[in-house]
$ cat query_39.cif   # mmCIF, C-alpha atoms
data_my_file
#
loop_
_atom_site.label_atom_id
_atom_site.label_comp_id
_atom_site.auth_asym_id
_atom_site.auth_seq_id
_atom_site.Cartn_x
_atom_site.Cartn_y
_atom_site.Cartn_z
CA MET W 1 0.00 0.00 0.00
CA ALA W 2 1.39 3.42 -1.03
CA GLN W 3 2.37 5.81 1.72
CA ARG W 4 -0.10 8.66 2.03
CA LEU W 5 0.90 11.97 0.46
CA ILE W 6 -0.80 15.04 1.89
CA LEU W 7 -0.39 18.70 0.95
CA HIS W 8 -1.46 21.64 3.10
CA CYS W 9 -1.82 24.86 1.11
CA ASP W 10 -1.99 28.17 2.99
CA LEU W 11 -2.52 31.43 1.10
CA ASN W 12 -0.11 33.96 2.61
CA ASN W 13 -1.66 36.93 4.43
CA PHE W 14 -4.75 36.24 2.35
CA PHE W 15 -7.09 39.16 3.12
CA ALA W 16 -4.28 41.73 3.09
CA SER W 17 -2.73 40.23 -0.06
CA VAL W 18 -6.04 40.42 -1.93
CA GLU W 19 -6.51 44.05 -0.88
CA CYS W 20 -3.02 44.92 -2.14
CA LEU W 21 -3.53 43.38 -5.60
CA GLY W 22 -3.11 46.09 -8.25
CA ARG W 23 -2.43 48.76 -5.61
CA GLU W 24 0.97 50.24 -6.49
CA ASP W 25 0.38 52.92 -3.86
CA LEU W 26 0.56 50.23 -1.17
CA LYS W 27 3.77 48.62 -2.37
CA GLY W 28 6.24 48.24 0.51
CA LYS W 29 3.86 49.80 3.03
CA PRO W 30 2.60 48.07 6.21
CA VAL W 31 -1.04 47.15 5.50
CA ALA W 32 -3.72 45.55 7.66
CA VAL W 33 -7.33 44.62 7.06
CA ALA W 34 -9.41 45.62 10.07
CA GLY W 35 -13.00 45.84 11.24
CA SER W 36 -14.68 49.17 11.75
CA VAL W 37 -13.73 50.96 14.97
CA GLU W 38 -16.93 53.00 14.74
CA LYS W 39 -19.02 49.83 14.61
CA ARG W 40 -17.02 48.31 17.48
CA HIS W 41 -15.34 45.67 15.34
CA GLY W 42 -11.95 47.35 15.56
CA ILE W 43 -9.62 44.37 15.46
CA ILE W 44 -6.93 43.33 13.00
CA LEU W 45 -8.23 40.63 10.66
CA ALA W 46 -5.07 40.22 8.55
CA LYS W 47 -1.77 41.95 7.89
CA ASN W 48 0.93 41.86 5.23
CA GLU W 49 4.61 40.99 5.65
CA ALA W 50 5.63 44.62 6.13
CA ALA W 51 3.17 45.00 9.02
CA LYS W 52 4.38 41.74 10.57
CA LYS W 53 7.87 43.23 10.90
CA PHE W 54 6.43 45.83 13.27
CA GLY W 55 4.88 43.10 15.42
CA VAL W 56 1.30 43.67 14.25
CA LYS W 57 -0.78 40.59 15.12
CA THR W 58 -4.08 39.20 13.95
CA ALA W 59 -6.97 39.66 16.44
CA GLU W 60 -5.34 42.52 18.35
CA ALA W 61 -7.14 45.86 18.68
CA VAL W 62 -6.53 48.50 16.03
CA TRP W 63 -5.22 50.96 18.62
CA GLN W 64 -2.64 48.41 19.76
CA ALA W 65 -1.49 47.84 16.19
CA LYS W 66 -1.22 51.59 15.57
CA GLN W 67 0.96 51.97 18.65
CA LYS W 68 3.40 49.45 17.18
CA CYS W 69 3.15 50.85 13.67
CA PRO W 70 1.89 54.46 13.45
CA ASP W 71 2.06 54.41 9.63
CA LEU W 72 -0.06 51.26 9.37
CA VAL W 73 -2.51 51.51 6.44
CA LEU W 74 -5.91 50.20 7.52
CA LEU W 75 -8.33 48.82 4.93
CA PRO W 76 -11.90 47.51 5.39
CA PRO W 77 -12.60 43.87 4.51
CA HIS W 78 -14.28 42.90 1.22
CA TYR W 79 -15.50 39.34 1.72
CA GLU W 80 -16.88 38.96 -1.78
CA LYS W 81 -13.33 39.49 -3.12
CA TYR W 82 -11.93 36.87 -0.77
CA ASN W 83 -14.53 34.31 -1.84
CA TYR W 84 -13.80 35.07 -5.49
CA TYR W 85 -10.06 34.46 -5.18
CA SER W 86 -10.55 31.49 -2.86
CA ASN W 87 -12.69 29.83 -5.55
CA ILE W 88 -10.09 30.49 -8.26
CA VAL W 89 -7.36 28.90 -6.13
CA ARG W 90 -9.63 25.99 -5.30
CA GLU W 91 -9.99 25.31 -9.05
CA ILE W 92 -6.19 25.10 -9.29
CA TYR W 93 -6.11 22.53 -6.47
CA GLU W 94 -8.81 20.49 -8.22
CA LYS W 95 -6.48 19.90 -11.19
CA TYR W 96 -4.40 17.67 -8.90
CA THR W 97 -7.02 15.87 -6.78
CA ASP W 98 -10.71 15.84 -5.90
CA VAL W 99 -9.96 14.97 -2.25
CA ILE W 100 -9.79 18.48 -0.80
CA GLU W 101 -10.66 19.52 2.74
CA PRO W 102 -11.04 23.28 3.36
CA PHE W 103 -9.66 24.65 6.63
CA GLY W 104 -11.06 28.15 6.49
CA ILE W 105 -11.26 30.32 3.38
CA ASP W 106 -7.50 30.42 2.80
CA GLU W 107 -6.27 26.92 3.72
CA CYS W 108 -6.87 23.43 2.34
CA TRP W 109 -5.56 19.91 2.76
CA LEU W 110 -5.13 17.90 -0.45
CA ASP W 111 -4.73 14.13 -0.53
CA VAL W 112 -2.58 13.58 -3.63
CA THR W 113 -1.64 9.97 -2.88
CA GLY W 114 -3.22 8.80 -6.12
CA SER W 115 -1.89 11.65 -8.24
CA THR W 116 1.83 10.87 -8.37
CA MET W 117 1.64 8.77 -11.55
CA LEU W 118 0.24 11.81 -13.38
CA PHE W 119 2.04 14.72 -11.73
CA GLY W 120 5.18 13.37 -10.06
CA SER W 121 6.31 13.77 -6.47
CA GLY W 122 4.52 15.72 -3.75
CA GLU W 123 7.22 18.39 -3.83
CA LYS W 124 6.85 18.76 -7.60
CA MET W 125 3.08 19.16 -7.30
CA ALA W 126 3.48 21.65 -4.46
CA ASN W 127 5.82 23.83 -6.51
CA GLU W 128 3.54 23.67 -9.54
CA ILE W 129 0.59 24.74 -7.38
CA ARG W 130 2.65 27.57 -5.91
CA GLU W 131 3.65 28.85 -9.35
CA ASN W 132 0.14 28.46 -10.83
CA VAL W 133 -1.47 30.35 -7.95
CA LYS W 134 1.02 33.20 -8.37
CA LYS W 135 0.58 33.30 -12.15
CA GLU W 136 -3.24 33.17 -12.17
CA THR W 137 -4.02 35.36 -9.16
CA GLY W 138 -0.93 37.31 -8.12
CA LEU W 139 -1.19 35.74 -4.65
CA THR W 140 1.40 33.54 -2.96
CA VAL W 141 0.86 30.25 -1.18
CA SER W 142 3.00 28.21 1.20
CA VAL W 143 2.69 24.43 0.90
CA GLY W 144 3.56 21.69 3.36
CA VAL W 145 4.18 18.20 1.99
CA SER W 146 4.01 15.24 4.34
CA PHE W 147 2.58 11.81 5.08
CA ASN W 148 -0.18 13.11 7.40
CA LYS W 149 -2.34 16.19 7.87
CA ILE W 150 -0.71 17.45 11.07
CA PHE W 151 2.81 17.54 9.65
CA ALA W 152 1.59 18.91 6.30
CA LYS W 153 0.15 21.90 8.16
CA LEU W 154 3.35 22.31 10.15
CA GLY W 155 5.17 22.33 6.82
CA SER W 156 3.08 25.15 5.36
CA ASP W 157 3.76 27.19 8.51
CA TYR W 158 7.48 26.35 8.57
CA LYS W 159 8.57 28.68 5.76
CA LYS W 160 6.56 31.73 4.64
CA PRO W 161 5.76 33.33 2.32
CA ASP W 162 5.77 31.56 -1.05
CA ALA W 163 7.58 28.39 -0.01
CA VAL W 164 7.41 24.60 -0.03
CA THR W 165 8.51 22.46 2.93
CA VAL W 166 8.72 18.67 2.80
CA ILE W 167 8.42 16.73 6.06
CA ASP W 168 8.89 13.06 5.26
CA LYS W 169 8.69 9.97 7.42
CA GLU W 170 12.45 9.50 7.57
CA HIS W 171 13.41 13.02 8.69
CA PHE W 172 10.39 14.49 10.47
CA ARG W 173 12.08 14.32 13.89
CA GLU W 174 14.82 16.75 12.85
CA ILE W 175 12.29 19.32 11.58
CA VAL W 176 9.25 18.86 13.82
CA TRP W 177 10.51 17.93 17.27
CA PRO W 178 12.54 21.10 17.96
CA LEU W 179 9.47 23.29 17.23
CA ASP W 180 7.59 24.99 20.06
CA ALA W 181 4.66 22.90 21.29
CA GLY W 182 2.27 25.73 20.44
CA GLU W 183 3.06 25.33 16.73
CA MET W 184 1.17 22.03 16.54
CA LEU W 185 -2.48 21.90 15.57
CA GLY W 186 -4.56 21.14 18.66
CA VAL W 187 -2.34 23.05 21.10
CA GLY W 188 -4.15 26.24 22.06
CA ARG W 189 -3.22 28.75 24.71
CA ALA W 190 -4.68 26.80 27.65
CA THR W 191 -3.20 23.48 26.50
CA LYS W 192 0.20 25.10 25.97
CA GLN W 193 0.14 26.40 29.54
CA SER W 194 -0.75 22.92 30.85
CA LEU W 195 2.14 21.42 28.87
CA ARG W 196 4.56 24.03 30.19
CA ARG W 197 3.57 23.19 33.74
CA LEU W 198 4.79 19.68 32.94
CA GLY W 199 8.00 21.08 31.53
CA LEU W 200 7.00 20.17 27.95
CA MET W 201 8.20 23.03 25.76
CA THR W 202 8.61 21.44 22.33
CA ILE W 203 6.77 18.98 20.13
CA GLY W 204 9.61 16.54 20.78
CA ASP W 205 8.95 16.83 24.52
CA ILE W 206 5.35 15.76 23.91
CA ALA W 207 6.47 12.78 21.84
CA ALA W 208 8.94 11.73 24.56
CA THR W 209 6.26 11.75 27.27
CA LYS W 210 4.21 8.66 28.05
CA PRO W 211 0.72 8.99 26.54
CA GLU W 212 -0.76 7.84 29.87
CA THR W 213 0.79 10.87 31.59
CA LEU W 214 -0.64 13.26 29.01
CA ARG W 215 -4.04 11.61 29.30
CA MET W 216 -4.03 12.13 33.07
CA VAL W 217 -3.41 15.85 32.64
CA LEU W 218 -5.29 16.65 29.43
CA GLY W 219 -7.81 13.84 29.18
CA LYS W 220 -8.34 11.98 25.91
CA GLY W 221 -6.93 14.97 24.03
CA GLY W 222 -3.54 14.42 25.66
CA GLU W 223 -3.19 11.02 24.04
CA THR W 224 -4.22 12.55 20.71
CA LEU W 225 -1.46 15.15 21.02
CA TRP W 226 1.06 12.39 21.68
CA ARG W 227 -0.04 10.63 18.50
CA PHE W 228 0.23 13.89 16.54
CA ALA W 229 3.73 14.63 17.88
CA SER W 230 4.88 11.06 17.21
CA GLY W 231 3.84 11.17 13.56
CA LEU W 232 0.99 8.71 14.06
CA ASP W 233 -1.90 10.88 12.86
CA ASN W 234 -3.94 8.92 10.33
CA SER W 235 -7.00 11.17 10.04
CA PRO W 236 -8.31 11.26 6.47
CA VAL W 237 -8.61 14.30 4.26
CA ILE W 238 -12.38 14.73 4.13
CA SER W 239 -13.70 16.19 0.91
CA SER W 240 -16.21 18.99 1.47
CA GLN W 241 -18.68 16.86 -0.50
CA PHE W 242 -18.58 14.30 2.30
CA ALA W 243 -18.14 16.60 5.29
CA PRO W 244 -19.97 15.42 8.41
CA PRO W 245 -23.12 17.38 9.27
CA PRO W 246 -22.65 20.17 11.81
CA LYS W 247 -23.33 19.39 15.47
CA SER W 248 -24.67 22.89 16.10
CA ILE W 249 -25.42 26.08 14.19
CA GLY W 250 -25.19 29.49 15.77
CA ARG W 251 -24.97 33.19 15.05
CA SER W 252 -23.81 36.06 17.22
CA THR W 253 -23.10 39.73 16.73
CA THR W 254 -21.78 42.85 18.41
CA PRO W 255 -24.13 45.65 17.26
CA PRO W 256 -22.89 49.19 16.54
CA ARG W 257 -24.29 50.29 19.91
CA ASN W 258 -25.20 48.63 23.19
CA LEU W 259 -28.57 46.95 23.53
CA CYS W 260 -30.21 49.00 26.28
CA THR W 261 -33.86 47.98 26.02
CA GLN W 262 -35.91 44.82 25.51
CA ASN W 263 -36.88 46.14 22.09
CA ASP W 264 -33.22 46.58 21.06
CA MET W 265 -32.48 43.02 22.10
CA LEU W 266 -35.51 41.60 20.28
CA LEU W 267 -34.73 43.42 17.02
CA VAL W 268 -31.21 41.99 16.92
CA LEU W 269 -32.30 38.54 18.07
CA LEU W 270 -34.89 38.36 15.29
CA LYS W 271 -32.22 38.89 12.65
CA LEU W 272 -29.99 36.27 14.25
CA CYS W 273 -32.83 33.72 14.37
CA ASP W 274 -33.55 34.39 10.69
CA ARG W 275 -29.93 33.49 9.86
CA VAL W 276 -29.93 30.38 12.07
CA SER W 277 -33.20 29.19 10.51
CA HIS W 278 -31.68 29.67 7.05
CA SER W 279 -28.59 27.61 7.98
CA LEU W 280 -30.73 24.85 9.46
CA ARG W 281 -32.59 24.58 6.15
CA GLU W 282 -29.33 24.50 4.21
CA ASN W 283 -28.25 21.55 6.35
CA HIS W 284 -31.69 19.85 6.30
CA ALA W 285 -31.70 19.91 10.09
CA LEU W 286 -33.89 20.70 13.10
CA ALA W 287 -32.81 21.88 16.56
CA GLY W 288 -33.57 19.91 19.72
CA VAL W 289 -31.91 22.46 22.04
CA VAL W 290 -31.78 26.25 21.83
CA GLN W 291 -28.90 28.05 23.57
CA VAL W 292 -28.39 31.79 24.01
CA HIS W 293 -25.55 33.88 25.33
CA ILE W 294 -25.35 37.52 26.33
CA ARG W 295 -22.26 39.64 26.99
CA ASP W 296 -22.46 42.82 29.05
CA THR W 297 -20.31 45.93 28.75
CA ASN W 298 -17.84 44.45 31.25
CA LEU W 299 -17.43 41.50 28.83
CA ASN W 300 -19.06 39.05 31.27
CA ILE W 301 -20.78 36.24 29.38
CA THR W 302 -23.93 34.44 30.54
CA GLU W 303 -25.29 31.36 28.75
CA HIS W 304 -28.66 29.66 29.05
CA GLN W 305 -30.30 26.82 27.14
CA ARG W 306 -33.51 24.83 26.89
CA LYS W 307 -34.28 21.28 25.77
CA LEU W 308 -37.30 21.34 23.48
CA SER W 309 -40.22 18.91 23.53
CA GLU W 310 -39.82 18.55 19.75
CA PRO W 311 -37.22 19.87 17.29
CA ILE W 312 -37.74 23.20 15.50
CA ARG W 313 -36.24 25.46 12.83
CA LEU W 314 -38.92 28.08 12.13
CA THR W 315 -37.64 31.61 12.71
CA GLU W 316 -40.72 32.40 14.77
CA LEU W 317 -40.16 29.48 17.17
CA LEU W 318 -36.42 30.08 17.47
CA PHE W 319 -37.14 33.75 18.19
CA LYS W 320 -39.83 32.97 20.79
CA THR W 321 -37.59 30.48 22.61
CA GLY W 322 -34.49 32.65 22.39
CA ALA W 323 -36.32 35.72 23.71
CA GLU W 324 -37.69 33.77 26.68
CA LEU W 325 -34.23 32.43 27.51
CA ILE W 326 -32.56 35.83 27.35
CA LYS W 327 -35.27 37.41 29.50
CA GLU W 328 -34.70 34.70 32.12
CA VAL W 329 -31.01 35.62 32.54
CA TRP W 330 -31.07 39.35 31.68
CA LEU W 331 -32.48 40.28 35.04
CA ASP W 332 -31.04 43.75 35.66
CA ASN W 333 -31.50 44.96 32.05
CA ALA W 334 -27.93 46.26 32.09
CA PRO W 335 -26.72 47.27 28.60
CA LEU W 336 -25.59 44.33 26.46
CA ARG W 337 -22.56 44.51 24.18
CA SER W 338 -23.44 41.38 22.21
CA ILE W 339 -25.88 38.49 22.01
CA GLY W 340 -25.97 35.15 20.25
CA ILE W 341 -28.22 32.15 19.68
CA ARG W 342 -27.26 28.57 18.83
CA ALA W 343 -29.27 25.57 17.64
CA CYS W 344 -27.91 22.36 19.21
CA GLU W 345 -28.66 18.62 19.25
CA LEU W 346 -29.48 18.69 15.56
CA THR W 347 -31.55 15.99 13.91
CA SER W 348 -32.32 15.33 10.27
CA GLU W 349 -35.48 16.89 8.85
CA ASN W 350 -36.44 13.38 7.64
CA GLU W 351 -36.24 11.82 11.10
CA CYS W 352 -39.50 10.70 12.71
CA ILE W 353 -40.55 12.67 15.80
CA GLN W 354 -43.05 12.15 18.59
CA LEU W 355 -45.96 14.56 18.08
CA SER W 356 -47.28 16.62 21.00
CA LEU W 357 -50.92 16.96 22.01
CA GLY W 358 -52.29 20.48 21.64
CA GLN W 359 -49.78 21.58 18.99
CA ASP W 360 -51.29 23.28 15.93
CA TYR W 361 -49.43 21.34 13.25
CA GLU W 362 -51.50 22.76 10.40
CA ARG W 363 -50.32 26.27 11.33
CA LEU W 364 -46.70 25.09 11.64
CA GLU W 365 -46.93 23.45 8.22
CA ARG W 366 -48.22 26.70 6.69
CA LEU W 367 -45.38 28.67 8.30
CA GLU W 368 -42.85 26.12 7.04
CA LYS W 369 -44.16 26.49 3.47
CA ILE W 370 -44.01 30.29 3.75
CA GLU W 371 -40.42 30.27 5.05
CA THR W 372 -39.39 27.79 2.36
CA GLU W 373 -40.79 30.07 -0.35
CA ILE W 374 -39.07 33.09 1.23
CA GLU W 375 -35.75 31.20 1.12
CA ASN W 376 -36.34 30.34 -2.55
CA ILE W 377 -36.87 34.02 -3.36
CA ARG W 378 -33.80 35.05 -1.38
CA SER W 379 -31.66 32.46 -3.14
CA ARG W 380 -32.57 34.08 -6.46
CA PHE W 381 -32.60 37.77 -5.55
CA GLY W 382 -30.47 38.09 -2.40
CA ARG W 383 -31.12 37.83 1.32
CA GLU W 384 -32.46 41.36 1.60
CA SER W 385 -35.08 40.85 -1.14
CA VAL W 386 -37.57 39.73 1.53
CA ILE W 387 -37.42 41.00 5.10
CA ARG W 388 -39.84 40.95 8.00
CA CYS W 389 -41.76 44.15 8.75
CA ARG W 390 -40.28 44.36 12.23
CA GLN W 391 -36.79 44.33 10.78
CA LEU W 392 -37.49 47.68 9.13
CA GLU W 393 -37.38 49.20 12.61
CA GLY W 394 -34.00 47.57 13.22
CA GLU W 395 -32.72 48.93 9.88
CA ALA W 396 -33.96 52.43 10.77
CA LEU W 397 -32.20 52.30 14.14
CA GLY W 398 -28.94 51.11 12.55
CA MET W 399 -28.91 47.87 14.57
CA TYR W 400 -27.96 45.66 11.63
CA SER W 401 -24.97 47.41 10.07
CA SER W 402 -22.57 44.81 11.47
CA PHE W 403 -24.48 41.74 10.34
CA GLY W 404 -22.27 41.16 7.33
CA LYS W 405 -19.75 39.67 9.75
CA ILE W 406 -21.97 37.39 11.78
CA VAL W 407 -19.98 34.31 12.76
CA SER W 408 -20.85 30.72 13.54
#

$ encode --input "query_39.cif" --output "structure tokens"
Amino acid sequence: MAQRLILHCDLNNFFASVECLGREDLKGKPVAVAGSVEKRHGIILAKNEAAKKFGVKTAEAVWQAKQKCPDLVLLPPHYEKYNYYSNIVREIYEKYTDVIEPFGIDECWLDVTGSTMLFGSGEKMANEIRENVKKETGLTVSVGVSFNKIFAKLGSDYKKPDAVTVIDKEHFREIVWPLDAGEMLGVGRATKQSLRRLGLMTIGDIAATKPETLRMVLGKGGETLWRFASGLDNSPVISSQFAPPPKSIGRSTTPPRNLCTQNDMLLVLLKLCDRVSHSLRENHALAGVVQVHIRDTNLNITEHQRKLSEPIRLTELLFKTGAELIKEVWLDNAPLRSIGIRACELTSENECIQLSLGQDYERLERLEKIETEIENIRSRFGRESVIRCRQLEGEALGMYSSFGKIVS
């Protein structure tokens, strides 16, 4: 059986690089893509190589970045551009394999095990991809080549920008084990701190530790990290066509101003529920649990959830349940900085359910047909082609200006 051959392709400084395309006035200047400070989304979303040299970091506040780099050029994000270029690059990847697993808009794993007879070695394919991306888009990509997904990703991070790094089975210890433990996928800030308390500073330290010890400290995830560090990851590259269904679907937002009244909260919640209902339909799913979270101006987060007697996805029912849950925990009516709602314990829309006495199923069926038709219209003419009357009030009050960046 042939050894697996996995590529991890990472578009370098993707958002910032797209914004700089064709902009001679930005050549050599430190550039960052950032959210709107006025709309309270003032964080760095991406930065170019020149900004990196000043220590500008993704996810830090704009004011912090400007302290490090006073001449930093700030640009607003244009997500339609990013999707456009991401799709072009994806078409380049598809020339080499159909087994492609996206990892965000700018990263993908490619299983090219079966492609070597046509295209040559993994390194050859990686360099061809790198050159084709540059020629067709003007963007650069770093590619890791390895025998598993974890090391392929480490390879794409190892040399940037516009580089190829091969980490093979014979020599991975020399490249991987000296790296800081935090470089490995699966090691976040909290896990890194736990590892440091054990004196484990590098990936090699993790590999040299007994898996039983790691399991005692980190649970089942500790043993997984040991497997990753030891080169034993065998997780498959999962094509997006065969991606597992989501376990939950949620939306949250930080509005342009604090939510100070019940009406403010309900206007924003309605829009969120509309988006969650849409995503549930896209995934042919129903929600068995509804969860909400609120965050006050001191950034304290409160969560609350409810198990439902039968699964739902109608906007009206999600909104009714979400509003009740928020009212139960928003006792002092202190201003809220952000709110969110999540549909959990998802089941297939084709799954049989136990009906409840007293429920008006004819009305629910009518509402389902109406929402389905609304979604059909929106799919043809855009999401704003049909909106609820109450949302006009939210538009007038400027509560929805940040909804282009709602996140799951």

$ atom_distance --input "query_39.cif" --atom1 "CA of Asp264 in chain W" --atom2 "CA of Cys389 in chain W"
15.2 Å

$ closest_residue --input "query_39.cif" --among "W:Val329, W:Val237, W:Ala16, W:Ala229" --to "Tyr79 in chain W" --atoms "all atoms listed in the file"
W:Ala16

$ resolve_selection --input "query_39.cif" --expression "the PyMOL selection byres ((chain W and resi 288) around 10)" --output "mmCIF file with C-alpha atoms, in the coordinates of the input"
data_model
loop_
_atom_site.group_PDB
_atom_site.id
_atom_site.type_symbol
_atom_site.label_atom_id
_atom_site.label_comp_id
_atom_site.auth_asym_id
_atom_site.auth_seq_id
_atom_site.Cartn_x
_atom_site.Cartn_y
_atom_site.Cartn_z
ATOM 1 C CA ALA W 285 -31.700 19.910 10.090
ATOM 2 C CA LEU W 286 -33.890 20.700 13.100
ATOM 3 C CA ALA W 287 -32.810 21.880 16.560
ATOM 4 C CA VAL W 289 -31.910 22.460 22.040
ATOM 5 C CA VAL W 290 -31.780 26.250 21.830
ATOM 6 C CA ARG W 306 -33.510 24.830 26.890
ATOM 7 C CA LYS W 307 -34.280 21.280 25.770
ATOM 8 C CA LEU W 308 -37.300 21.340 23.480
ATOM 9 C CA SER W 309 -40.220 18.910 23.530
ATOM 10 C CA GLU W 310 -39.820 18.550 19.750
ATOM 11 C CA PRO W 311 -37.220 19.870 17.290
ATOM 12 C CA ILE W 312 -37.740 23.200 15.500
ATOM 13 C CA ARG W 313 -36.240 25.460 12.830
ATOM 14 C CA ALA W 343 -29.270 25.570 17.640
ATOM 15 C CA CYS W 344 -27.910 22.360 19.210
ATOM 16 C CA GLU W 345 -28.660 18.620 19.250
ATOM 17 C CA LEU W 346 -29.480 18.690 15.560
ATOM 18 C CA THR W 347 -31.550 15.990 13.910
#

$ closest_residue --input "query_39.cif" --among "W:Leu272, W:Leu314, W:Leu26, W:Ala126" --to "Ser142 in chain W" --atoms "all atoms listed in the file"
W:Ala126

$ closest_residue --input "query_39.cif" --among "W:Asn350, W:Gly186, W:Glu375, W:Leu367" --to "Ser279 in chain W" --atoms "only C-alpha atoms"
W:Glu375

$ closest_residue --input "query_39.cif" --among "W:Ile238, W:Val31, W:Val62, W:Cys69" --to "Pro102 in chain W" --atoms "only C-alpha atoms"
W:Ile238

$ residues_around --input "query_39.cif" --residues "Phe151 in chain W" --least-positions-apart "5" --cutoff "9 Å" --atoms "all atoms listed in the file" --output "mmCIF file with C-alpha atoms, in the coordinates of the input"
data_model
loop_
_atom_site.group_PDB
_atom_site.id
_atom_site.type_symbol
_atom_site.label_atom_id
_atom_site.label_comp_id
_atom_site.auth_asym_id
_atom_site.auth_seq_id
_atom_site.Cartn_x
_atom_site.Cartn_y
_atom_site.Cartn_z
ATOM 1 C CA ILE W 6 -0.800 15.040 1.890
ATOM 2 C CA HIS W 8 -1.460 21.640 3.100
ATOM 3 C CA GLY W 144 3.560 21.690 3.360
ATOM 4 C CA VAL W 145 4.180 18.200 1.990
ATOM 5 C CA SER W 146 4.010 15.240 4.340
ATOM 6 C CA SER W 156 3.080 25.150 5.360
ATOM 7 C CA ILE W 167 8.420 16.730 6.060
ATOM 8 C CA ASP W 168 8.890 13.060 5.260
ATOM 9 C CA PHE W 172 10.390 14.490 10.470
ATOM 10 C CA VAL W 176 9.250 18.860 13.820
ATOM 11 C CA MET W 184 1.170 22.030 16.540
ATOM 12 C CA PHE W 228 0.230 13.890 16.540
ATOM 13 C CA ALA W 229 3.730 14.630 17.880
ATOM 14 C CA GLY W 231 3.840 11.170 13.560
ATOM 15 C CA ASP W 233 -1.900 10.880 12.860
#

$ residues_around --input "query_39.cif" --residues "Leu218 in chain W" --least-positions-apart "5" --cutoff "10 Å" --atoms "only C-alpha atoms" --output "list of chain:residue names"
W:Thr191, W:Ser194, W:Leu195, W:Glu212, W:Thr213, W:Glu223, W:Thr224, W:Leu225

$ write_last_selection --input "query_39.cif" --atoms "C-alpha atoms" --output "short mmCIF file (atom, residue, chain, number, x, y, z; two decimals), in the frame of the given file"
data_model
loop_
_atom_site.label_atom_id
_atom_site.label_comp_id
_atom_site.auth_asym_id
_atom_site.auth_seq_id
_atom_site.Cartn_x
_atom_site.Cartn_y
_atom_site.Cartn_z
CA THR W 191 -3.20 23.48 26.50
CA SER W 194 -0.75 22.92 30.85
CA LEU W 195 2.14 21.42 28.87
CA GLU W 212 -0.76 7.84 29.87
CA THR W 213 0.79 10.87 31.59
CA GLU W 223 -3.19 11.02 24.04
CA THR W 224 -4.22 12.55 20.71
CA LEU W 225 -1.46 15.15 21.02
#

$ atom_distance --input "query_39.cif" --atom1 "CA of Val164 in chain W" --atom2 "CA of Ala46 in chain W"
21.8 Å

$ axis_aligned_box --input "query_39.cif" --around "range 335-354 of chain W" --padding-each-side "3 Å" --output "AutoDock Vina command-line options"
--center_x -32.8 --center_y 29.0 --center_z 18.1 --size_x 26.5 --size_y 42.6 --size_z 27.0

$ atom_distance --input "query_39.cif" --atom1 "CA of Gly340 in chain W" --atom2 "CA of Leu325 in chain W"
11.3 Å

$ resolve_selection --input "query_39.cif" --expression "the PyMOL selection byres ((chain W and resi 335) around 6)" --output "list in words"
Asn258, Leu259, Cys260, Ala334 and Leu336 of chain W

$ closest_residue --input "query_39.cif" --among "W:Phe103, W:Phe147, W:Phe14, W:Trp109" --to "Lys81 in chain W" --atoms "only C-alpha atoms"
W:Phe14

$ closest_residue --input "query_39.cif" --among "W:Gln64, W:Ser348, W:Thr315, W:Ser115" --to "Lys95 in chain W" --atoms "all atoms listed in the file"
W:Ser115

$ residues_around --input "query_39.cif" --residues "Val89 in chain W" --least-positions-apart "4" --cutoff "10 Å" --atoms "all atoms listed in the file" --output "list of chain:residue names"
W:Cys9, W:Leu11, W:Asn83, W:Tyr84, W:Tyr85, W:Tyr93, W:Glu94, W:Asp106, W:Ile129, W:Asn132, W:Val133, W:Lys134, W:Glu136, W:Thr137, W:Leu139, W:Val141

$ decode --input "query_39.cif" --residues "range 12-38 of chain W" --atoms "C-alpha atoms" --output "PDB file, in the first residue's frame"
ATOM      1  CA  ASN W  12      -0.106  33.960   2.607  1.00  0.00           C
ATOM      2  CA  ASN W  13      -1.657  36.930   4.434  1.00  0.00           C
ATOM      3  CA  PHE W  14      -4.750  36.238   2.352  1.00  0.00           C
ATOM      4  CA  PHE W  15      -7.086  39.158   3.124  1.00  0.00           C
ATOM      5  CA  ALA W  16      -4.281  41.726   3.094  1.00  0.00           C
ATOM      6  CA  SER W  17      -2.728  40.235  -0.061  1.00  0.00           C
ATOM      7  CA  VAL W  18      -6.042  40.422  -1.926  1.00  0.00           C
ATOM      8  CA  GLU W  19      -6.511  44.050  -0.884  1.00  0.00           C
ATOM      9  CA  CYS W  20      -3.021  44.920  -2.142  1.00  0.00           C
ATOM     10  CA  LEU W  21      -3.527  43.385  -5.603  1.00  0.00           C
ATOM     11  CA  GLY W  22      -3.105  46.092  -8.246  1.00  0.00           C
ATOM     12  CA  ARG W  23      -2.428  48.762  -5.609  1.00  0.00           C
ATOM     13  CA  GLU W  24       0.974  50.240  -6.487  1.00  0.00           C
ATOM     14  CA  ASP W  25       0.382  52.923  -3.858  1.00  0.00           C
ATOM     15  CA  LEU W  26       0.557  50.228  -1.166  1.00  0.00           C
ATOM     16  CA  LYS W  27       3.769  48.619  -2.365  1.00  0.00           C
ATOM     17  CA  GLY W  28       6.235  48.242   0.512  1.00  0.00           C
ATOM     18  CA  LYS W  29       3.859  49.800   3.034  1.00  0.00           C
ATOM     19  CA  PRO W  30       2.596  48.066   6.206  1.00  0.00           C
ATOM     20  CA  VAL W  31      -1.036  47.147   5.505  1.00  0.00           C
ATOM     21  CA  ALA W  32      -3.719  45.550   7.664  1.00  0.00           C
ATOM     22  CA  VAL W  33      -7.331  44.621   7.063  1.00  0.00           C
ATOM     23  CA  ALA W  34      -9.413  45.618  10.068  1.00  0.00           C
ATOM     24  CA  GLY W  35     -13.001  45.842  11.240  1.00  0.00           C
ATOM     25  CA  SER W  36     -14.676  49.175  11.754  1.00  0.00           C
ATOM     26  CA  VAL W  37     -13.726  50.964  14.970  1.00  0.00           C
ATOM     27  CA  GLU W  38     -16.934  53.003  14.744  1.00  0.00           C
TER      28      GLU W  38
END
